[in-house]
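*Asks:* I am sharing query-v5.cif, which consists of mmCIF, C-alpha atoms:
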```cif
data_run
loop_
_atom_site.label_atom_id
_atom_site.label_comp_id
_atom_site.auth_asym_id
_atom_site.auth_seq_id
_atom_site.Cartn_x
_atom_site.Cartn_y
_atom_site.Cartn_z
CA MET A 1 -8.58 23.64 -12.05
CA THR A 2 -8.76 20.16 -13.60
CA ALA A 3 -11.99 18.26 -14.25
CA LEU A 4 -10.92 15.68 -11.66
CA GLU A 5 -10.52 18.28 -8.91
CA THR A 6 -13.71 20.07 -9.92
CA SER A 7 -15.72 16.86 -9.63
CA LEU A 8 -14.20 16.03 -6.23
CA ARG A 9 -14.91 19.55 -4.97
CA LYS A 10 -18.52 19.18 -6.07
CA LEU A 11 -18.82 15.87 -4.23
CA VAL A 12 -17.33 17.38 -1.05
CA GLU A 13 -19.41 20.55 -1.17
CA GLN A 14 -22.65 18.66 -1.82
CA SER A 15 -21.97 15.90 0.70
CA PRO A 16 -25.16 15.57 2.80
CA PRO A 17 -25.27 15.71 6.61
CA ARG A 18 -24.95 12.31 8.29
CA ALA A 19 -26.35 10.89 11.50
CA GLU A 20 -23.04 10.26 13.25
CA PRO A 21 -21.32 11.16 16.54
CA ASP A 22 -19.89 14.64 16.96
CA TRP A 23 -16.28 13.42 16.93
CA ARG A 24 -16.77 11.71 13.56
CA SER A 25 -18.51 14.77 12.11
CA ALA A 26 -15.60 16.91 13.32
CA GLN A 27 -13.12 14.62 11.51
CA ARG A 28 -15.13 14.82 8.32
CA GLN A 29 -15.55 18.61 8.48
CA ALA A 30 -11.83 19.14 9.10
CA ALA A 31 -10.96 16.95 6.12
CA SER A 32 -13.47 18.77 3.92
CA ALA A 33 -12.01 22.14 4.88
CA ARG A 34 -8.48 20.88 4.23
CA PHE A 35 -9.42 19.58 0.78
CA LEU A 36 -11.36 22.69 -0.24
CA ALA A 37 -8.51 24.93 0.89
CA GLY A 38 -5.64 22.98 -0.67
CA GLY A 39 -7.17 20.98 -3.49
CA LEU A 40 -5.34 18.11 -5.13
CA PRO A 41 -1.56 17.81 -5.46
CA THR A 42 0.06 19.17 -8.61
CA ALA A 43 3.35 18.68 -10.42
CA GLN A 44 4.75 21.41 -8.12
CA THR A 45 3.96 19.30 -5.03
CA GLU A 46 7.26 17.72 -3.95
CA ALA A 47 5.84 14.24 -3.33
CA TYR A 48 4.17 14.22 -6.76
CA ARG A 49 6.76 15.89 -8.94
CA PHE A 50 7.70 12.61 -10.63
CA THR A 51 4.06 11.60 -11.18
CA PRO A 52 2.23 12.62 -14.39
CA LEU A 53 -1.11 13.40 -12.77
CA GLU A 54 -2.31 14.87 -16.05
CA SER A 55 -2.80 11.29 -17.29
CA PHE A 56 -6.20 11.22 -15.57
CA ALA A 57 -6.79 14.87 -14.61
CA SER A 58 -9.47 15.24 -17.30
CA ARG A 59 -11.76 12.69 -15.63
CA SER A 60 -14.95 13.68 -13.79
CA LEU A 61 -15.79 11.24 -11.02
CA ALA A 62 -19.00 10.00 -9.42
CA LEU A 63 -19.35 8.00 -6.22
CA VAL A 64 -20.33 4.44 -7.14
CA SER A 65 -20.77 1.59 -4.72
CA ALA A 66 -21.97 -1.99 -4.78
CA PRO A 67 -24.90 -3.19 -2.67
CA VAL A 68 -23.70 -4.30 0.76
CA ARG A 69 -24.38 -7.92 1.48
CA GLY A 70 -24.90 -9.33 4.94
CA ALA A 71 -22.15 -11.21 6.75
CA SER A 72 -21.95 -14.90 5.92
CA SER A 73 -19.89 -17.79 7.15
CA ALA A 74 -18.23 -20.80 5.56
CA ALA A 75 -16.85 -23.00 8.31
CA GLY A 76 -13.33 -24.31 7.88
CA THR A 77 -12.05 -21.49 5.66
CA ALA A 78 -9.83 -18.54 6.45
CA LEU A 79 -11.43 -15.34 7.64
CA GLU A 80 -11.87 -12.99 4.68
CA LEU A 81 -13.04 -9.37 4.60
CA VAL A 82 -14.35 -8.26 1.21
CA TRP A 83 -14.81 -4.72 -0.14
CA ARG A 84 -16.69 -4.16 -3.39
CA ASN A 85 -16.32 -0.80 -5.09
CA GLY A 86 -15.04 0.72 -1.88
CA THR A 87 -17.85 -0.60 0.34
CA PRO A 88 -17.45 -3.27 3.05
CA ALA A 89 -19.49 -6.08 1.52
CA GLU A 90 -18.92 -9.47 3.16
CA VAL A 91 -17.26 -11.25 6.04
CA LEU A 92 -16.52 -14.79 4.92
CA GLY A 93 -15.06 -17.81 6.64
CA GLU A 94 -14.51 -18.68 10.24
CA LEU A 95 -13.98 -16.00 12.88
CA PRO A 96 -11.08 -17.17 15.10
CA GLN A 97 -11.35 -16.79 18.85
CA GLY A 98 -9.87 -13.47 19.92
CA VAL A 99 -10.57 -11.80 16.55
CA GLU A 100 -13.34 -9.21 16.22
CA VAL A 101 -14.66 -7.66 13.00
CA ARG A 102 -17.18 -4.82 12.90
CA ARG A 103 -18.35 -2.34 10.31
CA LEU A 104 -17.83 1.26 11.25
CA SER A 105 -21.44 2.08 10.38
CA GLU A 106 -22.64 -0.43 12.97
CA LEU A 107 -20.37 0.97 15.66
CA LEU A 108 -21.30 4.60 15.01
CA SER A 109 -24.98 3.80 15.40
CA GLY A 110 -24.57 2.35 18.88
CA GLU A 111 -21.04 1.73 20.12
CA SER A 112 -19.01 4.64 18.81
CA GLU A 113 -16.84 4.67 21.92
CA ARG A 114 -15.25 1.44 20.66
CA VAL A 115 -13.41 3.37 17.95
CA LEU A 116 -13.13 6.77 19.63
CA GLY A 117 -9.45 7.67 19.80
CA GLN A 118 -8.52 4.98 17.26
CA PHE A 119 -10.42 5.65 14.05
CA GLY A 120 -8.75 8.62 12.36
CA SER A 121 -6.03 8.95 15.00
CA LEU A 122 -3.23 8.20 12.50
CA SER A 123 -4.64 10.17 9.58
CA GLY A 124 -3.58 13.72 10.29
CA ASP A 125 -1.80 15.84 7.69
CA LEU A 126 -2.96 13.91 4.62
CA ASP A 127 -2.62 15.29 1.10
CA GLY A 128 -5.57 16.25 -1.11
CA PHE A 129 -6.38 12.68 -2.14
CA GLY A 130 -6.33 11.53 1.48
CA ALA A 131 -8.42 14.50 2.62
CA ALA A 132 -11.03 13.65 -0.03
CA GLN A 133 -11.14 10.08 1.28
CA LEU A 134 -11.66 11.31 4.84
CA ALA A 135 -14.33 13.78 3.79
CA LEU A 136 -16.38 11.45 1.59
CA GLY A 137 -15.81 7.94 2.96
CA GLU A 138 -18.88 6.32 4.47
CA ASP A 139 -17.93 2.98 5.97
CA ALA A 140 -14.96 0.81 6.95
CA PHE A 141 -14.00 -2.55 8.34
CA CYS A 142 -12.66 -2.41 11.90
CA LEU A 143 -10.53 -5.39 12.93
CA TRP A 144 -9.37 -6.11 16.49
CA LEU A 145 -6.80 -8.80 17.29
CA HIS A 146 -7.05 -9.40 21.02
CA GLY A 147 -3.60 -10.78 21.82
CA VAL A 148 -4.10 -13.88 19.66
CA THR A 149 -1.65 -16.07 17.77
CA LEU A 150 -3.16 -17.04 14.43
CA ASP A 151 -2.10 -20.09 12.44
CA GLN A 152 -3.45 -18.80 9.13
CA PRO A 153 -3.65 -15.31 7.68
CA ILE A 154 -6.66 -13.01 7.61
CA LEU A 155 -7.53 -12.25 4.00
CA LEU A 156 -8.46 -8.76 2.85
CA ARG A 157 -9.95 -8.60 -0.66
CA VAL A 158 -10.55 -5.20 -2.27
CA ASP A 159 -12.41 -5.50 -5.59
CA ALA A 160 -12.98 -2.56 -7.94
CA ALA A 161 -15.59 -3.73 -10.45
CA ALA A 162 -16.24 -2.27 -13.88
CA THR A 163 -18.84 0.51 -14.05
CA THR A 164 -20.55 2.40 -16.84
CA LYS A 165 -19.07 5.75 -15.77
CA ASP A 166 -15.92 7.11 -14.21
CA ALA A 167 -16.12 6.12 -10.57
CA LEU A 168 -14.62 6.95 -7.20
CA PHE A 169 -14.15 4.10 -4.70
CA LEU A 170 -13.28 4.74 -1.04
CA PRO A 171 -12.33 1.57 0.89
CA ARG A 172 -11.11 2.02 4.46
CA LEU A 173 -9.64 -0.23 7.17
CA LEU A 174 -8.77 0.01 10.86
CA VAL A 175 -6.62 -2.68 12.48
CA VAL A 176 -5.74 -2.82 16.18
CA ALA A 177 -3.25 -5.55 17.15
CA GLU A 178 -3.38 -5.74 20.93
CA GLU A 179 -0.45 -6.66 23.13
CA GLY A 180 0.85 -10.18 22.49
CA THR A 181 -0.74 -10.57 19.03
CA ARG A 182 1.02 -12.69 16.40
CA ALA A 183 -0.89 -12.43 13.14
CA SER A 184 -0.67 -12.03 9.37
CA LEU A 185 -2.80 -10.02 6.94
CA VAL A 186 -2.85 -10.88 3.22
CA GLU A 187 -4.42 -8.14 1.13
CA THR A 188 -5.27 -8.36 -2.56
CA ARG A 189 -6.49 -5.45 -4.66
CA SER A 190 -7.87 -6.14 -8.11
CA GLY A 191 -10.10 -4.44 -10.65
CA ASP A 192 -11.96 -5.43 -13.80
CA ALA A 193 -11.46 -3.71 -17.13
CA GLY A 194 -14.11 -1.10 -17.92
CA ALA A 195 -14.60 2.60 -17.43
CA PHE A 196 -12.00 4.61 -15.54
CA ALA A 197 -12.04 4.29 -11.75
CA LEU A 198 -10.02 6.04 -9.05
CA GLN A 199 -9.67 4.14 -5.80
CA LEU A 200 -8.54 5.98 -2.66
CA MET A 201 -7.81 3.46 0.10
CA LEU A 202 -6.94 4.45 3.65
CA SER A 203 -5.64 1.97 6.23
CA GLU A 204 -4.78 2.71 9.86
CA ILE A 205 -2.87 0.05 11.78
CA LEU A 206 -1.95 0.17 15.46
CA VAL A 207 0.58 -2.44 16.64
CA LYS A 208 0.65 -2.35 20.42
CA GLU A 209 3.38 -3.33 22.89
CA GLY A 210 5.07 -6.58 21.97
CA ALA A 211 2.67 -7.41 19.13
CA GLU A 212 3.89 -8.69 15.77
CA LEU A 213 1.96 -8.11 12.55
CA GLU A 214 2.84 -9.20 9.01
CA HIS A 215 1.06 -7.41 6.17
CA SER A 216 1.40 -8.69 2.59
CA ARG A 217 -0.25 -6.86 -0.32
CA TRP A 218 -0.76 -7.93 -3.91
CA ILE A 219 -1.87 -5.14 -6.29
CA ALA A 220 -3.07 -6.36 -9.70
CA LEU A 221 -5.43 -3.69 -11.00
CA ALA A 222 -6.81 -3.48 -14.54
CA SER A 223 -5.49 -0.86 -16.93
CA GLY A 224 -8.54 1.36 -16.37
CA VAL A 225 -8.07 1.59 -12.60
CA SER A 226 -5.87 4.11 -10.79
CA GLU A 227 -5.25 4.01 -7.06
CA GLU A 228 -3.73 5.91 -4.19
CA ALA A 229 -3.40 3.68 -1.13
CA ILE A 230 -2.44 5.41 2.11
CA THR A 231 -1.29 3.24 5.01
CA ARG A 232 -0.49 4.72 8.41
CA VAL A 233 1.10 2.43 11.00
CA SER A 234 2.07 3.08 14.62
CA VAL A 235 4.26 0.53 16.40
CA LEU A 236 4.55 0.71 20.19
CA GLY A 237 7.30 -0.58 22.50
CA GLY A 238 8.78 -3.91 21.42
CA GLY A 239 6.26 -4.23 18.61
CA ARG A 240 7.12 -5.36 15.08
CA TYR A 241 5.47 -4.59 11.75
CA ARG A 242 6.49 -6.29 8.52
CA SER A 243 5.20 -5.08 5.15
CA TRP A 244 5.52 -6.67 1.71
CA VAL A 245 3.91 -5.27 -1.45
CA GLY A 246 3.94 -6.56 -5.02
CA VAL A 247 2.62 -4.49 -7.94
CA THR A 248 1.66 -5.86 -11.37
CA GLY A 249 -0.91 -3.57 -12.94
CA GLY A 250 -3.06 -0.48 -12.86
CA SER A 251 -2.61 2.63 -14.95
CA TRP A 252 -1.39 4.48 -11.84
CA THR A 253 -0.74 2.91 -8.45
CA ARG A 254 0.64 4.96 -5.58
CA HIS A 255 1.33 3.48 -2.17
CA ALA A 256 2.11 5.98 0.56
CA LEU A 257 3.26 4.04 3.63
CA THR A 258 4.13 5.77 6.90
CA VAL A 259 5.44 3.72 9.84
CA THR A 260 6.02 5.48 13.15
CA LEU A 261 8.14 3.54 15.62
CA ALA A 262 6.55 5.14 18.65
CA GLY A 263 7.95 2.90 21.38
CA VAL A 264 11.32 1.75 22.72
CA ASP A 265 12.79 -1.15 20.71
CA ALA A 266 10.01 -1.02 18.09
CA SER A 267 10.92 -2.33 14.63
CA CYS A 268 9.69 -2.63 11.06
CA GLU A 269 10.67 -4.28 7.78
CA LEU A 270 9.38 -2.91 4.45
CA ASP A 271 9.78 -4.80 1.18
CA GLY A 272 8.40 -4.07 -2.26
CA VAL A 273 8.69 -5.38 -5.82
CA THR A 274 7.24 -3.98 -9.04
CA VAL A 275 7.27 -5.35 -12.58
CA GLY A 276 5.94 -2.55 -14.78
CA ARG A 277 5.25 -2.59 -18.49
CA GLY A 278 3.25 -0.72 -21.14
CA GLU A 279 2.42 2.76 -19.84
CA GLU A 280 1.91 1.78 -16.20
CA ILE A 281 2.99 4.14 -13.42
CA SER A 282 3.98 2.71 -10.04
CA ASP A 283 4.80 4.99 -7.08
CA HIS A 284 6.15 3.91 -3.70
CA HIS A 285 6.44 6.64 -1.08
CA THR A 286 7.61 5.60 2.37
CA LEU A 287 8.29 7.40 5.62
CA ILE A 288 9.79 5.63 8.64
CA VAL A 289 9.87 7.73 11.81
CA HIS A 290 12.11 6.62 14.70
CA GLU A 291 10.77 8.43 17.77
CA LEU A 292 12.36 6.58 20.70
CA PRO A 293 15.58 4.67 21.45
CA GLY A 294 16.45 1.19 20.28
CA GLY A 295 14.33 1.11 17.14
CA SER A 296 15.33 -0.75 14.00
CA SER A 297 14.11 -0.60 10.42
CA ARG A 298 15.04 -2.31 7.16
CA GLU A 299 13.62 -1.23 3.81
CA THR A 300 14.26 -2.84 0.40
CA TYR A 301 12.38 -2.07 -2.83
CA ARG A 302 13.08 -3.32 -6.35
CA ALA A 303 11.50 -2.64 -9.74
CA THR A 304 11.84 -3.59 -13.37
CA VAL A 305 10.29 -1.34 -16.03
CA ASP A 306 9.70 -2.13 -19.67
CA GLY A 307 7.96 -0.36 -22.55
CA GLN A 308 7.04 3.17 -21.44
CA ALA A 309 6.46 2.23 -17.82
CA ARG A 310 7.49 4.53 -14.99
CA SER A 311 8.64 3.62 -11.48
CA VAL A 312 9.01 6.02 -8.55
CA PHE A 313 10.60 5.37 -5.17
CA ASP A 314 10.65 8.20 -2.63
CA GLY A 315 11.69 7.01 0.82
CA ILE A 316 12.55 8.93 3.99
CA VAL A 317 13.97 7.59 7.25
CA LEU A 318 13.61 10.19 10.00
CA VAL A 319 15.49 9.72 13.28
CA LYS A 320 14.16 12.16 15.85
CA PRO A 321 16.14 13.72 18.73
CA GLY A 322 16.52 11.23 21.55
CA ALA A 323 16.13 8.15 19.34
CA ALA A 324 19.56 6.80 20.26
CA ARG A 325 20.69 3.29 19.29
CA THR A 326 18.58 3.43 16.14
CA GLN A 327 19.55 1.06 13.33
CA ALA A 328 18.12 1.78 9.89
CA HIS A 329 18.93 0.52 6.41
CA GLN A 330 17.23 1.64 3.19
CA GLU A 331 17.86 0.28 -0.32
CA ASN A 332 16.24 0.79 -3.71
CA ARG A 333 17.32 -0.96 -6.92
CA SER A 334 15.73 -0.59 -10.36
CA LEU A 335 16.29 -2.29 -13.70
CA ILE A 336 15.43 -0.51 -16.97
CA LEU A 337 14.57 -2.88 -19.83
CA SER A 338 13.67 -0.46 -22.63
CA PRO A 339 14.85 2.95 -23.90
CA ASP A 340 11.50 4.61 -23.09
CA ALA A 341 11.09 3.33 -19.52
CA VAL A 342 11.71 5.83 -16.69
CA VAL A 343 12.84 5.39 -13.08
CA PHE A 344 13.02 7.99 -10.32
CA SER A 345 14.68 7.11 -7.02
CA LYS A 346 15.06 9.36 -4.00
CA PRO A 347 16.22 7.60 -0.80
CA GLN A 348 16.72 10.00 2.12
CA LEU A 349 18.04 9.99 5.69
CA GLU A 350 17.25 12.73 8.21
CA ILE A 351 19.14 12.09 11.45
CA ASP A 352 18.74 14.28 14.54
CA ALA A 353 20.20 11.91 17.13
CA ASP A 354 23.60 10.54 18.14
CA ASP A 355 24.67 6.92 18.59
CA VAL A 356 22.85 5.62 15.50
CA LYS A 357 23.75 3.27 12.65
CA CYS A 358 21.99 4.26 9.42
CA SER A 359 22.63 3.66 5.73
CA HIS A 360 20.86 4.12 2.43
CA GLY A 361 21.52 3.66 -1.25
CA ALA A 362 20.02 3.35 -4.72
CA THR A 363 21.06 1.88 -8.07
CA ILE A 364 19.42 2.29 -11.47
CA GLY A 365 20.76 0.47 -14.50
CA ARG A 366 20.32 -1.88 -17.42
CA LEU A 367 21.16 -5.56 -17.71
CA ASP A 368 24.85 -6.29 -17.20
CA GLU A 369 26.46 -6.97 -20.57
CA ALA A 370 29.17 -9.08 -18.96
CA GLN A 371 26.57 -11.34 -17.34
CA LEU A 372 24.67 -11.64 -20.64
CA PHE A 373 27.89 -12.57 -22.42
CA TYR A 374 28.73 -15.17 -19.77
CA LEU A 375 25.34 -16.89 -20.15
CA THR A 376 25.24 -16.77 -23.95
CA SER A 377 28.82 -18.05 -24.19
CA ARG A 378 27.60 -21.17 -22.41
CA GLY A 379 24.88 -21.93 -24.92
CA LEU A 380 21.84 -19.93 -23.79
CA GLU A 381 19.89 -17.94 -26.35
CA PRO A 382 20.21 -14.16 -25.75
CA GLU A 383 16.51 -13.74 -24.92
CA VAL A 384 16.60 -16.65 -22.48
CA ALA A 385 19.66 -15.19 -20.79
CA LYS A 386 17.90 -11.84 -20.49
CA GLU A 387 14.87 -13.52 -18.92
CA LEU A 388 16.98 -15.35 -16.36
CA LEU A 389 18.75 -12.17 -15.28
CA CYS A 390 15.47 -10.27 -14.98
CA TRP A 391 13.95 -13.03 -12.90
CA ALA A 392 17.00 -13.27 -10.65
CA PHE A 393 16.69 -9.53 -10.02
CA VAL A 394 13.11 -9.73 -8.72
CA ALA A 395 13.17 -13.26 -7.25
CA GLU A 396 15.01 -12.23 -4.09
CA GLN A 397 12.22 -9.78 -3.26
CA VAL A 398 9.53 -12.35 -4.06
CA GLU A 399 11.09 -14.73 -1.55
CA ARG A 400 10.81 -12.08 1.15
CA CYS A 401 7.00 -12.32 1.00
CA PRO A 402 6.02 -13.71 4.41
CA ASP A 403 2.93 -15.60 3.19
CA ALA A 404 3.69 -18.90 1.43
CA SER A 405 0.53 -19.00 -0.73
CA LEU A 406 0.95 -15.43 -1.91
CA ARG A 407 4.62 -16.12 -2.57
CA VAL A 408 3.66 -18.86 -5.05
CA GLU A 409 1.16 -16.55 -6.78
CA ALA A 410 3.72 -13.75 -6.91
CA ARG A 411 6.32 -16.01 -8.54
CA GLN A 412 3.90 -16.94 -11.30
CA GLN A 413 2.40 -13.51 -11.94
CA LEU A 414 5.60 -11.49 -11.77
CA ALA A 415 7.48 -13.92 -13.99
CA SER A 416 4.69 -13.86 -16.59
CA ARG A 417 5.07 -10.08 -16.92
CA LEU A 418 8.75 -10.17 -17.82
CA PRO A 419 9.48 -9.57 -21.53
CA ARG A 420 8.99 -13.18 -22.72
CA GLY A 421 6.74 -14.41 -19.93
CA LEU A 422 9.29 -16.58 -18.18
CA GLU A 423 7.71 -19.54 -16.36
CA ALA A 424 8.82 -19.60 -12.73
CA SER A 425 8.57 -22.79 -10.75
CA ALA A 426 6.56 -22.71 -7.55
#
```
Would you mind writing the structure in this file as structure tokens?

*Replies:*
Amino acid sequence: MTALETSLRKLVEQSPPRAEPDWRSAQRQAASARFLAGGLPTAQTEAYRFTPLESFASRSLALVSAPVRGASSAAGTALELVWRNGTPAEVLGELPQGVEVRRLSELLSGESERVLGQFGSLSGDLDGFGAAQLALGEDAFCLWLHGVTLDQPILLRVDAAATTKDALFLPRLLVVAEEGTRASLVETRSGDAGAFALQLMLSEILVKEGAELEHSRWIALASGVSEEAITRVSVLGGGRYRSWVGVTGGSWTRHALTVTLAGVDASCELDGVTVGRGEEISDHHTLIVHELPGGSSRETYRATVDGQARSVFDGIVLVKPGAARTQAHQENRSLILSPDAVVFSKPQLEIDADDVKCSHGATIGRLDEAQLFYLTSRGLEPEVAKELLCWAFVAEQVERCPDASLRVEARQQLASRLPRGLEASA
């Protein structure tokens, strides 16, 4: 047993009793039992067989959190929810009409019925990392969108600060987009350099009938921070969920995104882009489940890897019996920029219904020599030509980001991480 698993087991076994409703205690106890019985994933676990978990298996973790500040307001600014070291810390900005934000700890002490049947409802069958989050997590932000149409996005800022010892951070989020909602979430996850930290983030998102939710994520963690982010989404009839994620840092970042299209004519769009370098490891694991007729999904992920970086894409589209008229497209493309970089790609379709239109594909390769020759023959220096081709490869995915401000930031940050730090115009 590794030092990492031993320390997590100790934290779970010594976790003190909490004053919380019976249903929440039952969730926690079930997660504890699942973790203690199964432990952490290993290289023999199918979903982790491309991931070198040994890179941080020797770490022993301690729960570390920042002091929780009271809610504050700054009129005229966008609503912003802030986590510090895994703990809900601040609610900043103006709370739009029809938007409600509560801390789970507040609800459990007096209004637990508000989250009964919602909190934890999408988090069954998690792996060892997810079970540890469920067993040890203390608090969460709960966000309700009551059929509103928002003109500006809600900001979610998850900060992992430097600590003096190896730390475990456990941020958690619940979002309920009620019928008729039209809204956008912009999530940023960052971390300072310092001692090692492992962040296990769990998000549950319920998109109800006819609601539309855009969710953009920017992951720029320091080299000492590793993260597994688990997002579970359920989309009901006629609802639409759109996800975009950009990754530019962290020693190990793993995003496990599950979207269940649980209603007739539900749809989702998933986009991702990674620019990896050094010894960074970036994992994207997606599962789209079509449960009922008329659903549609589109999924496109791209990555460039340089140095000794590693990129993993493992995506499954599952069409269940009875989900007729499903349309699904899945695509993964990766560009290898150095001899030591590694890419693993595993797109998958599992179809158990008739009258469907589904496709998937993957490409992994190096820069096209013919394209390089074309550009250099017209006067460009070889390194400049290489930069232009790299940027063209990722730029299409950057432009898919639904939030304009984040799109500008992504252009600048992603371009700066290409081999010569190409400057991209905003």

*Asks:* In the coordinates of the file, take the point (1.1, 18.1, -8.1) and a cut-off of 12 Å; then, counting only C-alpha atoms, name each qualifying protein, DNA or RNA residue as a list in words.

*Replies:*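 Answer for this query, in the requested form: Met1, Thr2, Glu5, Gly38, Gly39, Leu40, Pro41, Thr42, Ala43, Gln44, Thr45, Glu46, Ala47, Tyr48, Arg49, Phe50, Thr51, Pro52, Leu53, Glu54, Ala57, Asp127, Gly128 and Phe129 of chain A.
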
*Asks:* Name every residue that the PyMOL selection byres ((chain A and resi 400) around 10) selects in this structure, writing the answer as a list of chain:residue names with chains first and numbers rising.

*Replies:*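 On the file shown, the PyMOL selection byres ((chain A and resi 400) around 10) covers A:Ser243, A:Trp244, A:Leu270, A:Asp271, A:Gly272, A:Val273, A:Thr300, A:Ala395, A:Glu396, A:Gln397, A:Val398, A:Glu399, A:Cys401, A:Pro402, A:Asp403, A:Ala404, A:Arg407.
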
*Asks:* Give me the residues near Asp368 of chain A as a ChimeraX atom specification, where near means some atom within 12 Å (using only C-alpha atoms) and where sequence neighbours in that chain fewer than 6 positions away do not count.

*Replies:* /A:335-337,374-375,385-386,389-390,393

*Asks:* Those selected residues, please, written with C-alpha atoms and delivered as a CSV table (one decimal), in the frame of the given file.

*Replies:*
```csv
chain,number,residue,atom,x,y,z
A,335,LEU,CA,16.3,-2.3,-13.7
A,336,ILE,CA,15.4,-0.5,-17.0
A,337,LEU,CA,14.6,-2.9,-19.8
A,374,TYR,CA,28.7,-15.2,-19.8
A,375,LEU,CA,25.3,-16.9,-20.2
A,385,ALA,CA,19.7,-15.2,-20.8
A,386,LYS,CA,17.9,-11.8,-20.5
A,389,LEU,CA,18.8,-12.2,-15.3
A,390,CYS,CA,15.5,-10.3,-15.0
A,393,PHE,CA,16.7,-9.5,-10.0
```

*Asks:* For the atom pair atom CA of Asp22 of chain A and atom CA of Gly117 of chain A, what is the interatomic distance in Å to one decimal place?

*Replies:*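 Calculated distance between atom CA of Asp22 of chain A and atom CA of Gly117 of chain A is 12.9 Å.
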
*Asks:* Could you pull the residues within 12 Å of Thr304 of chain A, counting only C-alpha atoms, minus those fewer than 4 positions along the same chain, as a PyMOL selection string?

*Replies:* chain A and resi 246-248+272-278+280-282+308-312+332-338+341-343+363-367+387+389-395+397+414-415+417-419

*Asks:* Quick one: distance from atom CA of Arg18 of chain A to atom CA of Trp144 of chain A in Å, one decimal?

*Replies:*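 According to the coordinates, atom CA of Arg18 of chain A and atom CA of Trp144 of chain A are separated by 25.5 Å.
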
*Asks:* Determine the residue membership of the PyMOL selection byres ((chain A and resi 344-353) around 10) for the file above and supply it as a ChimeraX atom specification.

*Replies:* /A:50-51,283-290,293,310-326,328-334,342-343,354-356,358-364

*Asks:* Expand the PyMOL selection byres ((chain A and resi 193-208) around 7) into the individual residues it matches in the shown file, reporting them as a count of residues only.

*Replies:* 41

*Asks:* Find the residues around Pro153 of chain A up to 10 Å (all atoms listed in the file counted), leave out those fewer than 5 positions away in its own chain, and share them as an NGL selection string.

*Replies:* :A and (78-80 or 183-187 or 214-216 or 403)

*Asks:* Counting all atoms listed in the file, what is within 9 Å of Glu13 of chain A, bar same-chain residues fewer than 5 positions away, as a CSV table (one decimal) with C-alpha atoms, in the frame of the given file?

*Replies:*
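Writing the result to out18.csv gives the following:
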```
chain,number,residue,atom,x,y,z
A,8,LEU,CA,-14.2,16.0,-6.2
A,32,SER,CA,-13.5,18.8,3.9
A,36,LEU,CA,-11.4,22.7,-0.2
```

*Asks:* For Trp23 of chain A, which residue out of A:Val91, A:Val259, A:Leu126, A:Val115 is the nearest one, using all atoms listed in the file?

*Replies:* A:Val115

*Asks:* To one decimal place in Å, what is the distance between atom CA of Glu111 of chain A and atom CA of Arg24 of chain A?

*Replies:*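 Spanning atom CA of Glu111 of chain A to atom CA of Arg24 of chain A is a straight-line distance of 12.7 Å.
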